[in-house]
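Pasted below: query00.cif, mmCIF, C-alpha atoms.
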```cif
data_run
loop_
_atom_site.label_atom_id
_atom_site.label_comp_id
_atom_site.auth_asym_id
_atom_site.auth_seq_id
_atom_site.Cartn_x
_atom_site.Cartn_y
_atom_site.Cartn_z
CA GLU A 1 -33.27 34.50 4.21
CA LEU A 2 -35.05 34.22 7.54
CA LYS A 3 -36.99 31.01 8.07
CA VAL A 4 -39.22 30.28 11.05
CA GLU A 5 -40.16 26.74 12.03
CA GLN A 6 -42.72 25.78 14.61
CA ASN A 7 -43.08 22.37 16.23
CA PRO A 8 -45.33 20.58 16.51
CA LEU A 9 -47.82 21.59 13.83
CA PHE A 10 -50.64 19.86 15.65
CA LEU A 11 -50.90 19.11 19.34
CA SER A 12 -53.67 17.19 21.02
CA MET A 13 -53.43 17.17 24.76
CA GLN A 14 -55.54 16.41 27.78
CA GLU A 15 -56.68 18.95 30.26
CA GLY A 16 -54.29 19.31 33.14
CA LYS A 17 -51.20 18.32 31.19
CA ASN A 18 -48.15 20.43 30.38
CA TYR A 19 -46.60 20.89 26.99
CA THR A 20 -44.24 23.13 25.03
CA ILE A 21 -44.42 24.60 21.54
CA TYR A 22 -41.09 25.38 19.90
CA CYS A 23 -40.20 28.17 17.51
CA ASN A 24 -36.83 28.03 15.75
CA TYR A 25 -35.56 30.73 13.44
CA SER A 26 -32.60 30.84 11.11
CA THR A 27 -31.00 34.30 11.35
CA THR A 28 -30.50 37.02 13.89
CA SER A 29 -33.58 38.74 15.23
CA ASP A 30 -34.30 41.55 17.62
CA ARG A 31 -37.90 40.73 18.37
CA LEU A 32 -40.13 37.70 18.64
CA TYR A 33 -43.89 37.59 19.01
CA TRP A 34 -46.45 34.99 19.97
CA TYR A 35 -50.04 35.21 18.76
CA ARG A 36 -53.21 33.25 19.29
CA GLN A 37 -55.90 32.71 16.67
CA ASP A 38 -59.31 31.19 17.41
CA PRO A 39 -61.16 29.50 14.54
CA GLY A 40 -62.62 32.06 12.16
CA LYS A 41 -61.15 34.95 14.13
CA SER A 42 -58.30 37.40 13.86
CA LEU A 43 -54.97 37.22 15.66
CA GLU A 44 -54.50 38.27 19.24
CA SER A 45 -51.11 39.30 20.58
CA LEU A 46 -49.90 37.18 23.51
CA PHE A 47 -46.25 38.08 24.10
CA VAL A 48 -43.49 40.27 22.74
CA LEU A 49 -39.94 39.15 23.55
CA LEU A 50 -37.17 41.62 22.86
CA SER A 51 -34.00 40.34 24.51
CA ASN A 52 -32.06 37.19 25.18
CA GLY A 53 -33.35 35.40 28.25
CA ALA A 54 -36.66 37.27 28.21
CA VAL A 55 -39.45 35.37 29.92
CA LYS A 56 -43.08 36.45 30.02
CA GLN A 57 -46.04 34.77 31.63
CA GLU A 58 -49.76 35.24 31.37
CA GLY A 59 -51.99 32.76 33.13
CA ARG A 60 -51.13 29.23 32.01
CA LEU A 61 -48.86 30.41 29.19
CA MET A 62 -45.20 31.26 29.52
CA ALA A 63 -42.92 32.35 26.67
CA SER A 64 -39.15 32.50 26.65
CA LEU A 65 -36.46 33.54 24.22
CA ASP A 66 -32.92 32.27 23.70
CA THR A 67 -31.35 34.40 20.98
CA LYS A 68 -28.11 32.42 20.99
CA ALA A 69 -29.96 29.21 20.17
CA ARG A 70 -32.44 31.14 17.97
CA LEU A 71 -35.25 29.46 19.86
CA SER A 72 -38.39 30.56 21.59
CA THR A 73 -40.72 28.33 23.56
CA LEU A 74 -44.35 28.69 24.55
CA HIS A 75 -45.02 26.53 27.59
CA ILE A 76 -48.53 25.53 28.54
CA THR A 77 -49.13 24.61 32.16
CA ALA A 78 -52.13 22.52 33.23
CA ALA A 79 -53.96 23.00 29.95
CA VAL A 80 -57.66 23.82 29.90
CA HIS A 81 -60.10 23.55 27.01
CA ASP A 82 -60.22 27.35 26.60
CA LEU A 83 -56.61 27.28 25.42
CA SER A 84 -57.61 25.39 22.27
CA ALA A 85 -56.55 27.62 19.35
CA THR A 86 -53.80 28.03 16.78
CA TYR A 87 -50.61 29.61 18.09
CA PHE A 88 -48.17 31.44 15.88
CA CYS A 89 -44.71 32.75 16.52
CA ALA A 90 -43.36 35.59 14.39
CA VAL A 91 -39.82 36.87 14.11
CA GLY A 92 -38.56 40.29 13.13
CA PRO A 93 -35.19 40.16 11.35
CA THR A 94 -32.49 42.66 12.34
CA THR A 95 -32.54 44.37 9.01
CA ARG A 96 -32.77 47.99 8.06
CA SER A 97 -35.00 49.30 5.35
CA HIS A 98 -33.48 50.87 2.28
CA TYR A 99 -34.46 54.14 3.92
CA GLY A 100 -32.05 53.26 6.73
CA GLY A 101 -34.55 52.85 9.52
CA ALA A 102 -35.98 49.98 11.51
CA THR A 103 -38.71 47.98 9.84
CA ASN A 104 -41.84 46.10 10.79
CA LYS A 105 -40.95 43.18 8.57
CA LEU A 106 -42.13 39.96 10.18
CA ILE A 107 -41.86 36.29 9.29
CA PHE A 108 -44.47 33.98 10.76
CA GLY A 109 -44.22 30.32 11.61
CA THR A 110 -46.81 27.99 10.11
CA GLY A 111 -48.67 27.76 13.40
CA THR A 112 -49.44 25.08 15.97
CA LEU A 113 -53.03 23.89 16.24
CA LEU A 114 -53.62 23.08 19.88
CA ALA A 115 -56.61 20.94 20.82
CA VAL A 116 -57.16 20.43 24.53
CA GLN A 117 -59.41 17.46 25.25
CA PRO A 118 -61.53 17.34 28.39
CA GLU B 1 -61.97 51.96 21.29
CA ALA B 2 -58.58 51.18 19.77
CA GLN B 3 -59.08 49.19 16.62
CA VAL B 4 -58.04 48.26 13.12
CA THR B 5 -60.89 48.10 10.63
CA GLN B 6 -60.96 46.43 7.23
CA ASN B 7 -63.50 46.65 4.43
CA PRO B 8 -65.00 44.69 2.93
CA ARG B 9 -65.01 41.68 5.23
CA TYR B 10 -66.02 39.31 2.43
CA LEU B 11 -65.58 39.73 -1.29
CA ILE B 12 -66.19 37.49 -4.27
CA THR B 13 -64.90 38.84 -7.54
CA VAL B 14 -63.79 37.70 -10.99
CA THR B 15 -60.36 37.49 -12.52
CA GLY B 16 -59.02 40.82 -13.70
CA LYS B 17 -61.48 43.12 -11.98
CA LYS B 18 -59.51 45.68 -9.97
CA LEU B 19 -60.32 45.86 -6.30
CA THR B 20 -59.21 47.69 -3.18
CA VAL B 21 -59.35 46.47 0.40
CA THR B 22 -59.25 49.32 2.86
CA CYS B 23 -57.54 49.31 6.24
CA SER B 24 -57.78 52.02 8.86
CA GLN B 25 -56.44 52.33 12.41
CA ASN B 26 -57.29 54.86 15.09
CA MET B 27 -54.23 54.45 17.32
CA ASN B 28 -51.87 56.85 15.53
CA HIS B 29 -49.55 53.92 14.78
CA GLU B 30 -46.58 54.46 12.51
CA TYR B 31 -46.31 50.85 11.35
CA MET B 32 -48.90 49.07 9.23
CA SER B 33 -48.77 45.77 7.35
CA TRP B 34 -50.76 43.51 5.10
CA TYR B 35 -50.69 39.73 5.41
CA ARG B 36 -52.33 36.85 3.65
CA GLN B 37 -53.18 33.63 5.41
CA ASP B 38 -53.41 30.35 3.55
CA PRO B 39 -53.88 26.86 5.03
CA GLY B 40 -50.59 25.22 5.89
CA LEU B 41 -48.58 28.36 5.11
CA GLY B 42 -49.26 30.53 8.14
CA LEU B 43 -49.28 34.27 7.57
CA ARG B 44 -47.11 35.82 4.93
CA GLN B 45 -46.37 39.51 4.81
CA ILE B 46 -47.34 41.21 1.57
CA TYR B 47 -46.27 44.79 2.18
CA TYR B 48 -45.38 46.84 5.21
CA SER B 49 -45.16 50.55 5.89
CA MET B 50 -43.06 52.34 8.46
CA ASN B 51 -44.84 55.69 8.07
CA VAL B 52 -46.59 57.94 5.56
CA GLU B 53 -45.10 57.48 2.08
CA VAL B 54 -42.67 54.81 3.41
CA THR B 55 -43.50 51.30 2.24
CA ASP B 56 -41.56 48.16 1.44
CA LYS B 57 -42.17 44.73 0.00
CA GLY B 58 -42.77 41.77 2.23
CA ASP B 59 -42.34 38.16 1.18
CA VAL B 60 -45.21 37.90 -1.31
CA PRO B 61 -45.75 41.32 -2.96
CA GLU B 62 -46.38 40.12 -6.52
CA GLY B 63 -49.80 41.15 -7.79
CA TYR B 64 -50.41 43.69 -5.02
CA LYS B 65 -49.92 47.41 -4.58
CA VAL B 66 -50.19 49.60 -1.52
CA SER B 67 -50.14 53.28 -0.71
CA ARG B 68 -49.76 55.19 2.53
CA LYS B 69 -50.87 58.75 1.94
CA GLU B 70 -52.32 59.18 5.43
CA LYS B 71 -51.06 57.76 8.68
CA ARG B 72 -54.32 56.04 9.55
CA ASN B 73 -55.01 54.34 6.20
CA PHE B 74 -53.18 51.62 4.31
CA PRO B 75 -55.23 50.28 1.38
CA LEU B 76 -54.31 47.08 -0.46
CA ILE B 77 -54.88 47.20 -4.21
CA LEU B 78 -55.20 44.23 -6.53
CA GLU B 79 -54.96 45.68 -10.03
CA SER B 80 -55.80 42.43 -11.82
CA PRO B 81 -56.81 39.75 -9.33
CA SER B 82 -56.18 36.11 -10.15
CA PRO B 83 -57.52 32.93 -8.52
CA ASN B 84 -54.23 32.35 -6.68
CA GLN B 85 -54.97 35.51 -4.71
CA THR B 86 -57.97 33.85 -3.11
CA SER B 87 -57.07 34.05 0.54
CA LEU B 88 -57.78 35.54 3.95
CA TYR B 89 -56.18 38.96 4.29
CA PHE B 90 -55.24 40.72 7.50
CA CYS B 91 -54.15 44.28 8.09
CA ALA B 92 -52.17 45.11 11.22
CA SER B 93 -50.70 48.15 12.92
CA SER B 94 -48.19 48.84 15.66
CA SER B 95 -45.88 51.52 16.91
CA PRO B 96 -42.11 51.31 17.51
CA ILE B 97 -42.49 54.01 20.13
CA TYR B 98 -44.96 52.32 22.43
CA SER B 99 -43.78 49.42 24.54
CA PRO B 100 -44.08 46.54 24.04
CA ASP B 101 -44.59 47.02 20.31
CA THR B 102 -47.80 45.01 20.23
CA GLN B 103 -49.24 44.45 16.78
CA TYR B 104 -53.00 44.88 16.45
CA PHE B 105 -54.77 42.94 13.73
CA GLY B 106 -57.91 43.80 11.83
CA PRO B 107 -60.81 41.33 11.59
CA GLY B 108 -59.74 39.98 8.21
CA THR B 109 -61.06 40.09 4.64
CA ARG B 110 -61.94 36.84 2.95
CA LEU B 111 -61.37 37.23 -0.78
CA THR B 112 -62.45 34.77 -3.44
CA VAL B 113 -61.33 35.33 -7.03
CA LEU B 114 -63.22 33.25 -9.59
#
```
The structure in this file should be written as structure tokens.
Amino acid sequence: ELKVEQNPLFLSMQEGKNYTIYCNYSTTSDRLYWYRQDPGKSLESLFVLLSNGAVKQEGRLMASLDTKARLSTLHITAAVHDLSATYFCAVGPTTRSHYGGATNKLIFGTGTLLAVQP
Amino acid sequence: EAQVTQNPRYLITVTGKKLTVTCSQNMNHEYMSWYRQDPGLGLRQIYYSMNVEVTDKGDVPEGYKVSRKEKRNFPLILESPSPNQTSLYFCASSSPIYSPDTQYFGPGTRLTVL
């Protein structure tokens, strides 16, 4: 059974500082996603990582994937208040449906609540 | 505008009264999913669908039904809602054909079962 763990669950940081959110998963996967959720809002896709060593960057956020270690990281550089939100990783297991095809099964981490203080 | 819509956005109902939450997408996506979000538990997948008439159970399917008769629609049916189904529900869609397989989420439906 695929399990996804995020650390930390809560992160309070000052503007200008760097930090990393970790996403560990327990079985093989062929895709990993990062999402952002603002309070009371829906989820917004940030990154899709599909291969070992994949690195993607958007503004102050950079995501990477190490499939051998079953670990993805979301690195925040020089945090600003606008980055305050809950961040989720989600992992797609390398399973086939009973119809034989690929699936859109996803397992989410419990989320990291990021609060950036001025 | 590319979007996923859900209706209703808010619903308060009573135990046992059948209800349907609709989900529709206008992006011609093959994949659609339903999730529930509960505090401290993140999002959990209820059901997912790979295409018309192709659905499968997620991690928490008990008490829910789905159907995918048209590509754009993926309704979630609660035949006999119970208080433990009080939650925030999200529908999402994506396509395995388009890179990078971004999943688009609907605005959410907040359901309260009394």
Once you count all atoms listed in the file, what closest atom pair and distance in Å to one decimal does each residue of chain A within 9 Å of chain B have, with rows by chain and rising residue number, as a Markdown table?
```
| residue | atom | partner | partner_atom | distance |
| --- | --- | --- | --- | --- |
| A:Tyr33 | CA | B:Thr102 | CA | 8.5 |
| A:Lys41 | CA | B:Pro107 | CA | 6.9 |
| A:Ser42 | CA | B:Pro107 | CA | 5.2 |
| A:Leu43 | CA | B:Phe105 | CA | 6.0 |
| A:Glu44 | CA | B:Phe105 | CA | 7.2 |
| A:Ser45 | CA | B:Thr102 | CA | 6.6 |
| A:Leu46 | CA | B:Thr102 | CA | 8.7 |
| A:Phe47 | CA | B:Thr102 | CA | 8.1 |
| A:Val48 | CA | B:Pro100 | CA | 6.4 |
| A:Leu49 | CA | B:Pro100 | CA | 8.5 |
| A:Leu50 | CA | B:Pro100 | CA | 8.6 |
| A:Phe88 | CA | B:Gly42 | CA | 7.9 |
| A:Ser97 | CA | B:Asp56 | CA | 7.7 |
| A:His98 | CA | B:Asp56 | CA | 8.6 |
| A:Tyr99 | CA | B:Val54 | CA | 8.3 |
| A:Gly101 | CA | B:Met50 | CA | 8.6 |
| A:Ala102 | CA | B:Met50 | CA | 8.1 |
| A:Thr103 | CA | B:Met50 | CA | 6.3 |
| A:Asn104 | CA | B:Tyr31 | CA | 6.5 |
| A:Lys105 | CA | B:Tyr48 | CA | 6.7 |
| A:Leu106 | CA | B:Gln45 | CA | 6.9 |
| A:Ile107 | CA | B:Arg44 | CA | 6.8 |
| A:Phe108 | CA | B:Leu43 | CA | 5.8 |
| A:Gly109 | CA | B:Gly42 | CA | 6.1 |
| A:Thr110 | CA | B:Gly42 | CA | 4.0 |
| A:Gly111 | CA | B:Gly42 | CA | 6.0 |
```
Kindly provide, as lines of an AutoDock Vina configuration file, the centre and edge lengths (Å, one decimal) of an axis-aligned box around all atoms of segment 38-57 of chain B given in the file, with 5 Å on each side.
```
center_x = -47.7
center_y = 41.6
center_z = 4.2
size_x = 22.3
size_y = 42.7
size_z = 18.5
```
* Please identify all polymer residues within 10 Å of Gln57 of chain A, counting all atoms listed in the file, omitting same-chain residues fewer than 3 positions from it, and present them as a count of residues only. => 9
* To do: Give me, please, the distance in Å between atom CA of Ala54 of chain A and atom CA of Tyr22 of chain A, quoted to one decimal.
  => 15.2 Å
* Asked: Between atom CA of Ile21 of chain A and atom CA of Thr67 of chain A, what is the spacing in Å?
  -> 16.3 Å
* **Result set, the PyMOL selection byres ((chain B and resi 7-22) around 6) on current file, as a list of chain:residue names** =>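 Checking the PyMOL selection byres ((chain B and resi 7-22) around 6) against this file, the residues are B:Gln6, B:Cys23, B:Pro75, B:Leu76, B:Ile77, B:Leu78, B:Glu79, B:Ser80, B:Pro81, B:Ser82, B:Thr109, B:Arg110, B:Leu111, B:Thr112, B:Val113, B:Leu114.
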